[in-house]
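*Asks:* Sharing a structure here in C-alpha cells format.
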Amino acid sequence: MKTLGIETSCDETAISLIEADGDFDTNFSYRVLGDMTRTQAIHADYGGVFPMMAKREHAENIVPILSAVLKEADITREVANEIPPEIIESVHKLLEREEGLSEKLIKYVSTHEKPEIDTIAVTAGPGLEPALWVGINTAKALSMLWNIPLVSSNHMEGHILISSLSKEAPQKLSFPAISLLISGGHTEIILSEKWMQYKKIGETRDDAVGEAFDKTARLLGFPYPGGPELSRRAAEHRALGAEDSINFPRPMLNTNDLDFSFSGLKTAVRIYLEKNPIQSEDDKNAIAHAFEDAVVEVLVSKVRKALSKNQAKTLIVGGGVSANAPIRTALKELIESEFPETNLMLSAPEQATDNALMIALSGHFHAIKDEHTQPNDIRAEGTRQLS
Ligand code: KG4
Ligand code: ZN
C-alpha cells in the first residue's frame, strides 16, 4: 500500500510517500520512498507565523515539492497525459483562491504519468485554516485528477504515530499509553487505552509550550521559531558550569490536575527584563537557561502524575518541542529512575517537528480500516480534536 501524505498546517510545506504493509497487530513495516519538508523562512523576522503569508508560500511551493518527492520515489516519468477538459475546469474552480496553483498542478499532471498510489492523506487540522486549505485543495485536486481516495488526517495523531513507530513495531506498544504532545500550538496529555484511541486528560490553559519558547526567544531578540536558538543558548550557559541563578516560576507545578499554564512564565521573563535590562550575550543565555529549566521541571512533574495516575505502560512524546534535548534527557531520566517498567517512545529529533511522513503514516492506518473521506467532506478544522 502506497500512501502520499500532505502537510501544510503551519509553516512547513511537506510531502511524503511511503510504502507500508500490515496493521498495528500484524507485522507492520514501512519504508519511505520520497520525502521533503520545506520550512518557510519569511516568518523569521516577524516573531510568528502569519496565516495568509503561510498560505501564499504553500501555494508557491507545493507543486515543486510534489514533483521532487515523486521523482525521488521514481514512481512517475515524463509523458504527455491528456486531462479531460471538464476535470481541468473543476480543478481551476477548486483552486481559484490559491494563486497560481491550479496552473502549476495541471501542468505537472498533464506532463507526468499517473503514479501508482493507493491513498492520499492530508492534514485537515488542527492548524492555521488558510494554510490547511492549500494542502486540502491540492489533495482534492490530485484525487480528482488521478482518481485516488482521500484520508483526512489529524496533525496531532501524526505526531503521536511517528513517535510510536520510531523505535520498534507498534505491536510492541503496551497500553495504557500516555502521550505528551508539545508543539507550537499544543500542550496536551492524552490517554490511550487502545491503539489509535485518544482521550485528552490534560492541556494548557493558555499558551502552548512551544509558543512560550518562541515568545521568550523573541523577548531575547532571537528570530522565529526561537525554541531551538533559546535551547542552544541555554546549553552554552550550562556548558560554562554556570548555575541557574534566576528563579522563574513553575506555573501549576503542584496542582493535582494534568493541566499546564505557560503564559505566566513568559510574563515573568518580561518583568525580569524590565528590571534587569540585558547587557551581554551571557545575560541572555542565563535567562534562556532559567526559562528552559522551569519548563522541564513542569513537564516532568505533570508526566510523572499522568503516568502514576493511569499506571501507564508506555510514554509517547511528540511535537516540535520534543526535539528539545534537556526535555528528552529529563523524561528519559524520569522513566529510568521512577518508571522502569514503562516504555519511552520518542521520535528522532528531526522527525519531531512538522513533516509529512507522520501524515502518510496516519493515512495508512486509516486507509486499511477503510476510513476514507469523500472529497466534499474534507474541510480545514483549525481546532480539530483527537478522537
Ligand atoms: O510540531 P511543530 O513543528 O509545529 C506545530 O505543530 O506547532 O512545533 C514547532 C514548535 C515551535 O514552537 C518551535 O520553537 C519548537 O517547536 N521547537 C523547539 C525545539 N525545536 C522546535 N522548542 C524547544 N527546543 C527545541 N529544540
Ligand atoms: Zn506539529
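In the C-alpha cells, each chain is lettered A, B, ... as it comes, each chain's residues begin at 1, and ligands are numbered from 1 in order of appearance.
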Using only C-alpha atoms and all ligand atoms, what are the residues with an atom within 10 Å of ligand 1, set out as an NGL selection string?

*Replies:* :A and (9-12 or 39 or 48 or 125-128 or 155-156 or 158-159 or 181-187 or 208-215 or 217 or 223-232 or 292 or 295 or 318-328 or 349-355)

*Asks:* Run DSSP on the backbone and give me the residues of segment 1-192 of chain A it puts in strand (DSSP E), as a PyMOL selection string.

*Replies:* chain A and resi 2-7+12-21+29-39+119-125+150-154+177-182+187-192

*Asks:* Would you export the selected residues with N, CA and C atoms as a short mmCIF file (atom, residue, chain, number, x, y, z; two decimals), in the first residue's frame, please?

*Replies:*
data_model
loop_
_atom_site.label_atom_id
_atom_site.label_comp_id
_atom_site.auth_asym_id
_atom_site.auth_seq_id
_atom_site.Cartn_x
_atom_site.Cartn_y
_atom_site.Cartn_z
N LYS A 2 0.65 2.07 -1.02
CA LYS A 2 1.43 3.32 -1.07
C LYS A 2 0.54 4.49 -0.65
N THR A 3 1.04 5.29 0.26
CA THR A 3 0.29 6.45 0.76
C THR A 3 1.11 7.72 0.60
N LEU A 4 0.45 8.73 0.02
CA LEU A 4 1.07 10.05 -0.11
C LEU A 4 0.54 10.92 1.02
N GLY A 5 1.42 11.54 1.78
CA GLY A 5 0.99 12.43 2.87
C GLY A 5 1.28 13.87 2.50
N ILE A 6 0.33 14.75 2.81
CA ILE A 6 0.49 16.18 2.51
C ILE A 6 0.24 16.97 3.79
N GLU A 7 1.17 17.84 4.13
CA GLU A 7 1.08 18.60 5.40
C GLU A 7 1.35 20.09 5.13
N GLU A 12 5.46 24.70 7.57
CA GLU A 12 6.20 23.71 6.79
C GLU A 12 5.32 23.21 5.65
N THR A 13 5.86 23.25 4.42
CA THR A 13 5.18 22.59 3.33
C THR A 13 5.88 21.25 3.18
N ALA A 14 5.12 20.16 3.35
CA ALA A 14 5.79 18.85 3.36
C ALA A 14 4.96 17.80 2.64
N ILE A 15 5.66 16.94 1.90
CA ILE A 15 5.02 15.82 1.20
C ILE A 15 5.91 14.59 1.39
N SER A 16 5.25 13.46 1.60
CA SER A 16 5.99 12.22 1.82
C SER A 16 5.25 11.07 1.16
N LEU A 17 6.00 10.15 0.59
CA LEU A 17 5.37 8.95 0.00
C LEU A 17 5.95 7.73 0.69
N ILE A 18 5.06 6.90 1.26
CA ILE A 18 5.54 5.69 1.93
C ILE A 18 4.90 4.46 1.31
N GLU A 19 5.60 3.34 1.48
CA GLU A 19 5.00 2.05 1.15
C GLU A 19 4.94 1.29 2.47
N ALA A 20 3.74 0.92 2.89
CA ALA A 20 3.60 0.29 4.21
C ALA A 20 2.77 -0.98 4.08
N ASP A 21 3.06 -1.91 4.97
CA ASP A 21 2.31 -3.17 4.99
C ASP A 21 1.90 -3.51 6.40
N SER A 29 5.30 -2.84 8.73
CA SER A 29 6.59 -2.30 8.32
C SER A 29 6.35 -1.23 7.27
N TYR A 30 7.26 -0.31 7.16
CA TYR A 30 7.11 0.69 6.11
C TYR A 30 8.47 1.17 5.65
N ARG A 31 8.47 1.71 4.42
CA ARG A 31 9.68 2.42 4.00
C ARG A 31 9.29 3.70 3.31
N VAL A 32 10.18 4.66 3.42
CA VAL A 32 9.94 5.97 2.85
C VAL A 32 10.46 5.96 1.42
N LEU A 33 9.59 6.24 0.45
CA LEU A 33 10.01 6.25 -0.96
C LEU A 33 10.48 7.64 -1.38
N GLY A 34 9.87 8.65 -0.79
CA GLY A 34 10.26 10.03 -1.11
C GLY A 34 9.74 10.93 -0.01
N ASP A 35 10.49 11.98 0.30
CA ASP A 35 10.07 12.80 1.44
C ASP A 35 10.75 14.16 1.36
N MET A 36 9.97 15.20 1.57
CA MET A 36 10.56 16.54 1.54
C MET A 36 9.78 17.50 2.44
N THR A 37 10.51 18.29 3.19
CA THR A 37 9.90 19.32 4.05
C THR A 37 10.60 20.64 3.75
N ARG A 38 9.80 21.65 3.44
CA ARG A 38 10.42 22.97 3.28
C ARG A 38 9.84 23.92 4.33
N THR A 39 10.72 24.47 5.15
CA THR A 39 10.29 25.41 6.19
C THR A 39 10.32 26.81 5.61
N THR A 119 -3.51 5.78 -1.66
CA THR A 119 -4.24 6.72 -0.80
C THR A 119 -3.51 8.06 -0.76
N ILE A 120 -4.29 9.13 -0.72
CA ILE A 120 -3.72 10.46 -0.47
C ILE A 120 -4.25 10.92 0.89
N ALA A 121 -3.33 11.16 1.83
CA ALA A 121 -3.72 11.63 3.16
C ALA A 121 -3.31 13.08 3.30
N VAL A 122 -4.20 13.88 3.86
CA VAL A 122 -3.88 15.31 4.03
C VAL A 122 -4.29 15.77 5.42
N THR A 123 -3.47 16.64 5.98
CA THR A 123 -3.80 17.23 7.29
C THR A 123 -4.99 18.16 7.14
N ALA A 124 -6.06 17.87 7.89
CA ALA A 124 -7.25 18.74 7.87
C ALA A 124 -7.30 19.61 9.13
N GLY A 125 -6.45 19.34 10.12
CA GLY A 125 -6.42 20.15 11.33
C GLY A 125 -5.82 19.33 12.45
N LEU A 150 -9.15 9.60 -0.67
CA LEU A 150 -8.56 10.53 0.29
C LEU A 150 -8.77 10.07 1.74
N VAL A 151 -7.82 10.45 2.58
CA VAL A 151 -7.99 10.32 4.03
C VAL A 151 -7.74 11.69 4.63
N SER A 152 -8.60 12.08 5.56
CA SER A 152 -8.43 13.35 6.26
C SER A 152 -7.70 13.07 7.57
N SER A 153 -6.46 13.59 7.69
CA SER A 153 -5.63 13.23 8.85
C SER A 153 -5.62 14.31 9.92
N ASN A 154 -5.47 13.85 11.15
CA ASN A 154 -5.31 14.76 12.28
C ASN A 154 -3.81 14.96 12.55
N ALA A 177 -1.35 3.83 27.31
CA ALA A 177 -0.23 4.68 26.93
C ALA A 177 -0.59 6.14 27.20
N ILE A 178 0.40 6.89 27.64
CA ILE A 178 0.25 8.33 27.83
C ILE A 178 1.06 9.02 26.74
N SER A 179 0.43 9.97 26.04
CA SER A 179 1.18 10.78 25.08
C SER A 179 1.32 12.19 25.60
N LEU A 180 2.54 12.70 25.60
CA LEU A 180 2.78 14.11 25.90
C LEU A 180 3.00 14.80 24.56
N LEU A 181 2.08 15.67 24.19
CA LEU A 181 2.19 16.38 22.91
C LEU A 181 2.58 17.82 23.17
N ILE A 182 3.74 18.20 22.68
CA ILE A 182 4.26 19.55 22.94
C ILE A 182 4.73 20.18 21.63
N THR A 187 -0.21 21.84 23.89
CA THR A 187 0.44 21.16 25.01
C THR A 187 -0.65 20.31 25.63
N GLU A 188 -0.57 19.01 25.42
CA GLU A 188 -1.67 18.12 25.83
C GLU A 188 -1.12 16.83 26.38
N ILE A 189 -1.88 16.25 27.29
CA ILE A 189 -1.59 14.88 27.73
C ILE A 189 -2.78 14.03 27.31
N ILE A 190 -2.47 12.96 26.60
CA ILE A 190 -3.52 12.09 26.02
C ILE A 190 -3.38 10.70 26.62
N LEU A 191 -4.51 10.11 26.96
CA LEU A 191 -4.52 8.72 27.44
C LEU A 191 -5.08 7.83 26.34
N SER A 192 -4.34 6.77 26.00
CA SER A 192 -4.85 5.79 25.02
C SER A 192 -4.96 4.44 25.71
#

*Asks:* Of the residues A:Glu103, A:Glu157, A:Glu78, A:Asp282, which is the one nearest to Gly363 of chain A, using only C-alpha atoms?

*Replies:*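 Of the candidates, the smallest distance to Gly363 of chain A is held by A:Glu157.
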
*Asks:* Report the distance between atom CA of Ile160 of chain A and atom CA of Ser362 of chain A in Å, rounded to one decimal place.

*Replies:*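 Going from atom CA of Ile160 of chain A over to atom CA of Ser362 of chain A covers 9.4 Å.
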
*Asks:* For the structure I just gave you, how does DSSP split segment 111-223 of chain A - specifically, which residues are helix (DSSP H, G or I)? Reply as a ChimeraX atom specification.

*Replies:* /A:129-146,155-164,170-172,209-219

*Asks:* Near Val63 of chain A, within 8 Å and counting only C-alpha atoms, which residues show up once chain neighbours fewer than 3 positions away are dropped, as a PDB file with N, CA and C atoms, in the first residue's frame?

*Replies:*
ATOM      1  N   ALA A  59       1.198  27.636  -1.465  1.00  0.00           N
ATOM      2  CA  ALA A  59       0.700  27.552  -2.843  1.00  0.00           C
ATOM      3  C   ALA A  59       1.850  27.643  -3.844  1.00  0.00           C
ATOM      4  N   GLU A  60       2.845  28.415  -3.481  1.00  0.00           N
ATOM      5  CA  GLU A  60       4.012  28.599  -4.347  1.00  0.00           C
ATOM      6  C   GLU A  60       4.852  27.309  -4.419  1.00  0.00           C
ATOM      7  N   LEU A  66       5.944  18.317  -4.546  1.00  0.00           N
ATOM      8  CA  LEU A  66       5.309  17.074  -5.034  1.00  0.00           C
ATOM      9  C   LEU A  66       6.158  16.449  -6.137  1.00  0.00           C
ATOM     10  N   SER A  67       6.570  17.288  -7.072  1.00  0.00           N
ATOM     11  CA  SER A  67       7.372  16.820  -8.193  1.00  0.00           C
ATOM     12  C   SER A  67       8.687  16.185  -7.708  1.00  0.00           C
ATOM     13  N   LEU A 101      -1.718  28.188  -8.312  1.00  0.00           N
ATOM     14  CA  LEU A 101      -1.542  26.770  -8.006  1.00  0.00           C
ATOM     15  C   LEU A 101      -2.167  25.853  -9.059  1.00  0.00           C
ATOM     16  N   LYS A 104       0.021  25.408 -12.146  1.00  0.00           N
ATOM     17  CA  LYS A 104       1.204  24.581 -11.883  1.00  0.00           C
ATOM     18  C   LYS A 104       0.835  23.113 -11.778  1.00  0.00           C
ATOM     19  N   LEU A 105      -0.266  22.856 -11.074  1.00  0.00           N
ATOM     20  CA  LEU A 105      -0.652  21.465 -10.831  1.00  0.00           C
ATOM     21  C   LEU A 105      -1.085  20.789 -12.138  1.00  0.00           C
ATOM     22  N   TYR A 108       1.877  20.035 -14.248  1.00  0.00           N
ATOM     23  CA  TYR A 108       2.614  18.859 -13.764  1.00  0.00           C
ATOM     24  C   TYR A 108       1.879  17.569 -14.141  1.00  0.00           C
TER      25      TYR A 108
END

*Asks:* Out of A:Ala312, A:Asn61, A:Lys71, A:Thr8, which residue has the shortest atom-to-atom distance to ligand 2 when counting only C-alpha atoms and all ligand atoms?

*Replies:* A:Thr8

*Asks:* For atom CA of Ile316 of chain A and atom CA of Leu173 of chain A, quote the distance in Å rounded to one decimal.

*Replies:*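 That distance, rounded to one decimal, is 9.7 Å.
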
*Asks:* Taking only C-alpha atoms and all ligand atoms into account, which of A:Val303, A:Ile378, A:Met358, A:Ala330 comes nearest ligand 2?

*Replies:*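 Among A:Val303, A:Ile378, A:Met358, A:Ala330, it is A:Met358 that comes nearest to ligand 2.
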
*Asks:* Which neighbours of Thr138 of chain A fall inside 10 Å, counting only C-alpha atoms, when residues of the same chain fewer than 2 positions from it are skipped, and could you give them as a ChimeraX atom specification?

*Replies:* /A:6,59,62-63,91,94-95,98,101-102,105,122,133-136,140-144

*Asks:* Measuring between only C-alpha atoms, which one of A:Met53, A:Val269, A:Ile246, A:Ala294 shows the shortest distance to Gln40 of chain A?

*Replies:* A:Met53

*Asks:* Report, in Å with one decimal, the straight-line distance from atom CA of His112 of chain A to atom CA of Ile359 of chain A.

*Replies:*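 Atom CA of His112 of chain A sits 24.1 Å away from atom CA of Ile359 of chain A.
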
*Asks:* Please determine, counting only C-alpha atoms and all ligand atoms, which residue among A:Ile162, A:Leu219, A:Met1, A:Ile335 has the shortest atom-to-atom distance to ligand 2.

*Replies:*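 Between A:Ile162, A:Leu219, A:Met1, A:Ile335, the residue approaching ligand 2 most closely is A:Ile162.
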
*Asks:* Extract, using only C-alpha atoms, all DNA, RNA and protein residues at most 9 Å from Asp257 of chain A, discarding same-chain residues fewer than 2 positions from it, and format them as a list in words.

*Replies:* Ile201, Gly202, Met252, Asn254, Thr255, Asp259, Phe260, Lys302, Lys305 and Ala306 of chain A

*Asks:* Taking all heavy atoms for each residue, export the selection above as a PDB file, in the first residue's frame.

*Replies:*
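Written out: result.pdb:
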ATOM      1  N   ILE A 201      -6.523  14.178  28.725  1.00  0.00           N
ATOM      2  CA  ILE A 201      -6.657  14.226  30.180  1.00  0.00           C
ATOM      3  C   ILE A 201      -5.928  15.435  30.783  1.00  0.00           C
ATOM      4  O   ILE A 201      -5.956  15.629  31.988  1.00  0.00           O
ATOM      5  CB  ILE A 201      -6.180  12.906  30.840  1.00  0.00           C
ATOM      6  CG1 ILE A 201      -4.732  12.573  30.440  1.00  0.00           C
ATOM      7  CG2 ILE A 201      -7.111  11.756  30.475  1.00  0.00           C
ATOM      8  CD1 ILE A 201      -4.138  11.419  31.221  1.00  0.00           C
ATOM      9  N   GLY A 202      -5.285  16.229  29.942  1.00  0.00           N
ATOM     10  CA  GLY A 202      -4.637  17.440  30.441  1.00  0.00           C
ATOM     11  C   GLY A 202      -4.272  18.322  29.263  1.00  0.00           C
ATOM     12  O   GLY A 202      -4.047  17.838  28.162  1.00  0.00           O
ATOM     13  N   MET A 252       1.620  26.091  37.951  1.00  0.00           N
ATOM     14  CA  MET A 252       0.773  24.899  38.158  1.00  0.00           C
ATOM     15  C   MET A 252       1.558  23.638  38.482  1.00  0.00           C
ATOM     16  O   MET A 252       1.047  22.534  38.327  1.00  0.00           O
ATOM     17  CB  MET A 252      -0.137  24.665  36.938  1.00  0.00           C
ATOM     18  CG  MET A 252      -1.123  25.807  36.730  1.00  0.00           C
ATOM     19  SD  MET A 252      -2.291  25.531  35.401  1.00  0.00           S
ATOM     20  CE  MET A 252      -3.344  24.287  36.109  1.00  0.00           C
ATOM     21  N   ASN A 254       2.353  22.220  41.227  1.00  0.00           N
ATOM     22  CA  ASN A 254       1.844  21.324  42.268  1.00  0.00           C
ATOM     23  C   ASN A 254       0.331  21.148  42.271  1.00  0.00           C
ATOM     24  O   ASN A 254      -0.224  20.606  43.213  1.00  0.00           O
ATOM     25  CB  ASN A 254       2.330  21.809  43.636  1.00  0.00           C
ATOM     26  CG  ASN A 254       3.845  21.663  43.729  1.00  0.00           C
ATOM     27  OD1 ASN A 254       4.393  20.630  43.345  1.00  0.00           O
ATOM     28  ND2 ASN A 254       4.524  22.717  44.171  1.00  0.00           N
ATOM     29  N   THR A 255      -0.333  21.602  41.217  1.00  0.00           N
ATOM     30  CA  THR A 255      -1.777  21.358  41.177  1.00  0.00           C
ATOM     31  C   THR A 255      -1.997  19.877  40.907  1.00  0.00           C
ATOM     32  O   THR A 255      -1.173  19.212  40.266  1.00  0.00           O
ATOM     33  CB  THR A 255      -2.467  22.194  40.075  1.00  0.00           C
ATOM     34  OG1 THR A 255      -1.852  21.889  38.818  1.00  0.00           O
ATOM     35  CG2 THR A 255      -2.337  23.678  40.346  1.00  0.00           C
ATOM     36  N   ASP A 259      -3.111  19.759  33.978  1.00  0.00           N
ATOM     37  CA  ASP A 259      -3.111  20.949  33.119  1.00  0.00           C
ATOM     38  C   ASP A 259      -1.831  21.764  33.294  1.00  0.00           C
ATOM     39  O   ASP A 259      -1.095  21.592  34.254  1.00  0.00           O
ATOM     40  CB  ASP A 259      -4.332  21.823  33.424  1.00  0.00           C
ATOM     41  CG  ASP A 259      -5.616  21.182  32.907  1.00  0.00           C
ATOM     42  OD1 ASP A 259      -5.522  20.211  32.117  1.00  0.00           O
ATOM     43  OD2 ASP A 259      -6.705  21.644  33.286  1.00  0.00           O
ATOM     44  N   PHE A 260      -1.626  22.638  32.313  1.00  0.00           N
ATOM     45  CA  PHE A 260      -0.433  23.484  32.303  1.00  0.00           C
ATOM     46  C   PHE A 260      -0.847  24.944  32.147  1.00  0.00           C
ATOM     47  O   PHE A 260      -1.955  25.242  31.712  1.00  0.00           O
ATOM     48  CB  PHE A 260       0.458  23.144  31.095  1.00  0.00           C
ATOM     49  CG  PHE A 260       0.894  21.726  31.006  1.00  0.00           C
ATOM     50  CD1 PHE A 260       0.109  20.773  30.364  1.00  0.00           C
ATOM     51  CD2 PHE A 260       2.105  21.329  31.550  1.00  0.00           C
ATOM     52  CE1 PHE A 260       0.521  19.452  30.268  1.00  0.00           C
ATOM     53  CE2 PHE A 260       2.525  20.018  31.464  1.00  0.00           C
ATOM     54  CZ  PHE A 260       1.738  19.079  30.818  1.00  0.00           C
ATOM     55  N   LYS A 302       4.234  16.930  35.553  1.00  0.00           N
ATOM     56  CA  LYS A 302       2.909  16.543  35.064  1.00  0.00           C
ATOM     57  C   LYS A 302       2.935  15.156  34.422  1.00  0.00           C
ATOM     58  O   LYS A 302       1.982  14.385  34.548  1.00  0.00           O
ATOM     59  CB  LYS A 302       2.380  17.585  34.070  1.00  0.00           C
ATOM     60  CG  LYS A 302       2.105  18.935  34.705  1.00  0.00           C
ATOM     61  CD  LYS A 302       0.928  18.901  35.693  1.00  0.00           C
ATOM     62  CE  LYS A 302       0.788  20.217  36.424  1.00  0.00           C
ATOM     63  NZ  LYS A 302      -0.518  20.426  37.049  1.00  0.00           N
ATOM     64  N   LYS A 305       2.816  12.596  37.165  1.00  0.00           N
ATOM     65  CA  LYS A 305       1.439  12.430  37.674  1.00  0.00           C
ATOM     66  C   LYS A 305       0.595  11.591  36.711  1.00  0.00           C
ATOM     67  O   LYS A 305      -0.136  10.704  37.130  1.00  0.00           O
ATOM     68  CB  LYS A 305       0.756  13.798  37.827  1.00  0.00           C
ATOM     69  CG  LYS A 305       1.033  14.435  39.156  1.00  0.00           C
ATOM     70  CD  LYS A 305       0.121  15.634  39.418  1.00  0.00           C
ATOM     71  CE  LYS A 305       0.712  16.383  40.604  1.00  0.00           C
ATOM     72  NZ  LYS A 305       1.147  17.722  40.324  1.00  0.00           N
ATOM     73  N   ALA A 306       0.702  11.917  35.423  1.00  0.00           N
ATOM     74  CA  ALA A 306      -0.116  11.209  34.427  1.00  0.00           C
ATOM     75  C   ALA A 306       0.236   9.725  34.389  1.00  0.00           C
ATOM     76  O   ALA A 306      -0.648   8.867  34.308  1.00  0.00           O
ATOM     77  CB  ALA A 306       0.081  11.839  33.049  1.00  0.00           C
TER      78      ALA A 306
END

*Asks:* So that I can check the surroundings of segment 341-343 of chain A, please list as a list in words every protein, DNA and RNA residue that reaches within 12 Å of it, counting only C-alpha atoms and ignoring chain neighbours fewer than 6 positions away.

*Replies:*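 What passes the distance filter is Ser164, Lys167, Glu168, Pro170, Lys172, Leu173, Ser174, Phe175, Pro176, Ala177, Ile178, Ser179, Arg304, Leu307, Ser308, Asn310, Gln311, Ala312, Lys313, Thr314, Leu315, Ile316, Val317, Leu331, Lys332, Glu333, Leu334 and Ile335 of chain A.
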
*Asks:* Suppose we keep N, CA, C and O atoms; can you now write the selection as a tab-separated table (two decimals), in the first residue's frame?

*Replies:*
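File written: result27.tsv
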chain	number	residue	atom	x	y	z
A	164	SER	N	5.44	6.83	18.00
A	164	SER	CA	5.12	5.44	18.35
A	164	SER	C	5.86	4.44	17.47
A	164	SER	O	6.13	3.32	17.90
A	167	LYS	N	10.83	3.47	17.14
A	167	LYS	CA	11.83	2.58	17.72
A	167	LYS	C	11.60	1.13	17.32
A	167	LYS	O	12.51	0.39	17.04
A	168	GLU	N	10.36	0.74	17.35
A	168	GLU	CA	10.07	-0.67	17.10
A	168	GLU	C	8.66	-0.76	16.52
A	168	GLU	O	7.97	0.23	16.44
A	170	PRO	N	4.73	-1.22	16.09
A	170	PRO	CA	3.70	-0.76	17.03
A	170	PRO	C	3.10	-1.88	17.88
A	170	PRO	O	2.56	-1.61	18.93
A	172	LYS	N	4.56	-3.70	19.66
A	172	LYS	CA	5.30	-3.73	20.93
A	172	LYS	C	4.76	-2.68	21.91
A	172	LYS	O	5.15	-2.65	23.05
A	173	LEU	N	3.88	-1.82	21.42
A	173	LEU	CA	3.32	-0.80	22.31
A	173	LEU	C	2.39	-1.46	23.31
A	173	LEU	O	1.51	-2.21	22.94
A	174	SER	N	2.58	-1.15	24.59
A	174	SER	CA	1.67	-1.68	25.59
A	174	SER	C	0.76	-0.57	26.07
A	174	SER	O	1.17	0.59	26.13
A	175	PHE	N	-0.43	-0.94	26.41
A	175	PHE	CA	-1.41	0.04	26.88
A	175	PHE	C	-1.77	-0.23	28.34
A	175	PHE	O	-1.59	-1.35	28.80
A	176	PRO	N	-2.24	0.79	29.07
A	176	PRO	CA	-2.49	2.15	28.61
A	176	PRO	C	-1.21	2.92	28.28
A	176	PRO	O	-0.17	2.67	28.88
A	177	ALA	N	-1.35	3.83	27.31
A	177	ALA	CA	-0.23	4.68	26.93
A	177	ALA	C	-0.59	6.14	27.20
A	177	ALA	O	-1.73	6.55	27.02
A	178	ILE	N	0.40	6.89	27.64
A	178	ILE	CA	0.25	8.33	27.83
A	178	ILE	C	1.06	9.02	26.74
A	178	ILE	O	2.22	8.67	26.51
A	179	SER	N	0.43	9.97	26.04
A	179	SER	CA	1.18	10.78	25.08
A	179	SER	C	1.32	12.19	25.60
A	179	SER	O	0.32	12.81	25.99
A	304	ARG	N	4.93	12.75	35.32
A	304	ARG	CA	5.00	11.81	36.45
A	304	ARG	C	3.60	11.52	36.99
A	304	ARG	O	3.21	10.37	37.18
A	307	LEU	N	1.53	9.42	34.48
A	307	LEU	CA	1.95	8.01	34.41
A	307	LEU	C	1.47	7.26	35.64
A	307	LEU	O	0.94	6.14	35.52
A	308	SER	N	1.61	7.85	36.83
A	308	SER	CA	1.21	7.08	38.00
A	308	SER	C	-0.30	6.99	38.14
A	308	SER	O	-0.83	5.94	38.47
A	310	ASN	N	-2.44	6.71	35.90
A	310	ASN	CA	-3.03	5.80	34.90
A	310	ASN	C	-2.27	4.49	34.76
A	310	ASN	O	-2.57	3.69	33.88
A	311	GLN	N	-1.29	4.29	35.61
A	311	GLN	CA	-0.45	3.10	35.53
A	311	GLN	C	-0.05	2.79	34.09
A	311	GLN	O	-0.23	1.68	33.58
A	312	ALA	N	0.49	3.81	33.46
A	312	ALA	CA	0.79	3.72	32.03
A	312	ALA	C	1.95	2.76	31.78
A	312	ALA	O	2.93	2.74	32.53
A	313	LYS	N	1.82	2.00	30.70
A	313	LYS	CA	2.92	1.09	30.33
A	313	LYS	C	3.81	1.71	29.26
A	313	LYS	O	4.91	1.21	28.99
A	314	THR	N	3.30	2.78	28.62
A	314	THR	CA	4.09	3.43	27.57
A	314	THR	C	3.97	4.94	27.71
A	314	THR	O	2.88	5.44	28.02
A	315	LEU	N	5.07	5.64	27.48
A	315	LEU	CA	5.04	7.10	27.37
A	315	LEU	C	5.50	7.47	25.96
A	315	LEU	O	6.60	7.11	25.54
A	316	ILE	N	4.61	8.17	25.25
A	316	ILE	CA	4.92	8.62	23.88
A	316	ILE	C	5.09	10.14	23.95
A	316	ILE	O	4.25	10.82	24.54
A	317	VAL	N	6.16	10.66	23.38
A	317	VAL	CA	6.38	12.10	23.42
A	317	VAL	C	6.51	12.61	21.98
A	317	VAL	O	7.34	12.09	21.22
A	331	LEU	N	13.03	13.41	30.59
A	331	LEU	CA	11.99	12.38	30.53
A	331	LEU	C	12.62	10.98	30.55
A	331	LEU	O	12.08	10.06	31.17
A	332	LYS	N	13.77	10.84	29.88
A	332	LYS	CA	14.48	9.54	29.94
A	332	LYS	C	14.86	9.21	31.37
A	332	LYS	O	14.70	8.08	31.84
A	333	GLU	N	15.38	10.22	32.08
A	333	GLU	CA	15.78	10.00	33.48
A	333	GLU	C	14.59	9.67	34.37
A	333	GLU	O	14.67	8.80	35.25
A	334	LEU	N	13.46	10.34	34.11
A	334	LEU	CA	12.25	10.06	34.89
A	334	LEU	C	11.84	8.60	34.72
A	334	LEU	O	11.54	7.90	35.70
A	335	ILE	N	11.84	8.13	33.47
A	335	ILE	CA	11.43	6.75	33.19
A	335	ILE	C	12.42	5.77	33.83
A	335	ILE	O	12.01	4.81	34.51

*Asks:* From the list A:Phe50, A:Glu57, A:Ile117, A:Leu132, which residue is nearest Glu99 of chain A when using only C-alpha atoms?

*Replies:*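 Using only C-alpha atoms, Glu99 of chain A sits closest to A:Glu57.
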